[in-house]
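The next block holds one structure in the form of structure tokens; read it before the comments.
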Amino acid sequence: MPDTPPKVERSDAEWRDTLTPEQYYVLRQKGTERAFTGPLTYHHDSGSYHCAGCGALLFASDAKFDSHCGWPSFTLPAESKAIDEHEDISFGMVRTEVTCARCGGHLGHVFPDGPGPEGLRYCINSVSLAFRKAE
């Protein structure tokens, strides 16, 4: 079993210097990019999806599917410890927020309406991800 990488902690100023304004809005302020605008929404290359904030491996391309929801969707994380889940009661809804376990960056939400045996749909903001093509 691989060692858990150390947590990434940065000041607000360091996050602002490291991330684009849109990445900062989503990852650090729990924002959401507009549906169907993210560059990875219809992306289908083989490889892996990492946290745009800290580089942690989050999802494999074989777990990605087209849910037609407007954001990249995955059936499960690359490793169970890659993400953390939190209750989100904002905007009068009850949802499950997912964050990067390494840096705490907001990724999106998980819903119980996905395909496969787990029945989960991880609905993730494109700007919170960095794709690495398989070699």
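A note on labels: chains of the structure tokens are A, B, ... as shown, every chain counts residues from 1, and ligands are counted from 1 in their shown order.
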Enumerate the residues of region 71-128 of chain A with a DSSP assignment of strand (DSSP E or B), computed from the backbone, and present them as a VMD selection string.
-> chain A and resid 73 to 74 83 to 88 95 to 100 106 to 111 121 to 124
Please save C-alpha atoms of the selected residues as a PDB file, in the first residue's frame.
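After the write, result.pdb holds the following:
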```
ATOM      1  CA  SER A  73     -18.232  12.557 -14.531  1.00  0.00           C
ATOM      2  CA  PHE A  74     -16.528   9.537 -13.000  1.00  0.00           C
ATOM      3  CA  ILE A  83     -10.986  12.319  -1.973  1.00  0.00           C
ATOM      4  CA  ASP A  84     -12.891  13.332   1.124  1.00  0.00           C
ATOM      5  CA  GLU A  85     -16.662  13.671   1.299  1.00  0.00           C
ATOM      6  CA  HIS A  86     -18.615  16.317   3.226  1.00  0.00           C
ATOM      7  CA  GLU A  87     -22.300  17.105   3.665  1.00  0.00           C
ATOM      8  CA  ASP A  88     -23.228  20.224   1.681  1.00  0.00           C
ATOM      9  CA  ARG A  95     -25.622  17.042  -1.425  1.00  0.00           C
ATOM     10  CA  THR A  96     -22.291  15.371  -0.844  1.00  0.00           C
ATOM     11  CA  GLU A  97     -19.326  17.600  -1.663  1.00  0.00           C
ATOM     12  CA  VAL A  98     -16.043  15.966  -2.699  1.00  0.00           C
ATOM     13  CA  THR A  99     -12.686  17.570  -1.972  1.00  0.00           C
ATOM     14  CA  CYS A 100      -9.080  16.593  -2.635  1.00  0.00           C
ATOM     15  CA  HIS A 106     -13.256  21.670  -3.811  1.00  0.00           C
ATOM     16  CA  LEU A 107     -13.758  19.289  -6.741  1.00  0.00           C
ATOM     17  CA  GLY A 108     -17.524  18.969  -7.101  1.00  0.00           C
ATOM     18  CA  HIS A 109     -20.176  16.593  -5.773  1.00  0.00           C
ATOM     19  CA  VAL A 110     -21.039  12.907  -5.809  1.00  0.00           C
ATOM     20  CA  PHE A 111     -24.567  11.702  -6.580  1.00  0.00           C
ATOM     21  CA  ARG A 121     -21.571   9.807 -10.323  1.00  0.00           C
ATOM     22  CA  TYR A 122     -18.681  12.017  -9.279  1.00  0.00           C
ATOM     23  CA  CYS A 123     -19.545  15.314 -10.963  1.00  0.00           C
ATOM     24  CA  ILE A 124     -16.271  17.251 -11.069  1.00  0.00           C
TER      25      ILE A 124
END
```
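Every protein or nucleic acid residue with an atom no more than 8 Å from region 27-30 of chain A, counting only C-alpha atoms and leaving out same-chain residues fewer than 2 positions away, appears here: Trp15, Gln23, Tyr24, Tyr25, Thr32, Gly53, Gly105, His106, Leu107 and Ser128 of chain A.
Shortest separation to Gly104 (chain A) among A:Arg132, A:Ala82, A:Asp17, A:Trp71 occurs at residue A:Ala82, atoms counted being only C-alpha atoms.
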Skipping near chain neighbours, those fewer than 6 positions away, what residues fall within 12 Å of region 42-44 of chain A using only C-alpha atoms, listed as a list in words?
-> Ala35, Phe36, Ala60, Ser61, Asp62, Ala63, Lys64, Phe65, Asp66, Ser67, His68, Cys69, Gly70, Trp71, Pro72, Ser73, Phe74, Ser126, Leu129, Ala130, Phe131, Arg132, Lys133 and Ala134 of chain A
Per DSSP on the backbone, filter chain A down to the residues in helix (DSSP H, G or I) and report them as a ChimeraX atom specification.
-> /A:12-18,21-27,61-63,90-92,126-128
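Proximity to Glu118 (chain A) was assessed for A:Cys103, A:Ile89, A:Cys51, A:Leu76 counting only C-alpha atoms; the smallest distance is recorded for A:Leu76.
Coordinates place CA of Val8 (chain A) at a distance of 10.0 Å from CA of Gly55 (chain A).
Relative to CA of Thr75 (chain A), CA of Pro112 (chain A) is found at 10.1 Å.
Our summary of the geometry notes that CA of Leu58 (chain A) is positioned 9.1 Å from CA of Lys81 (chain A).
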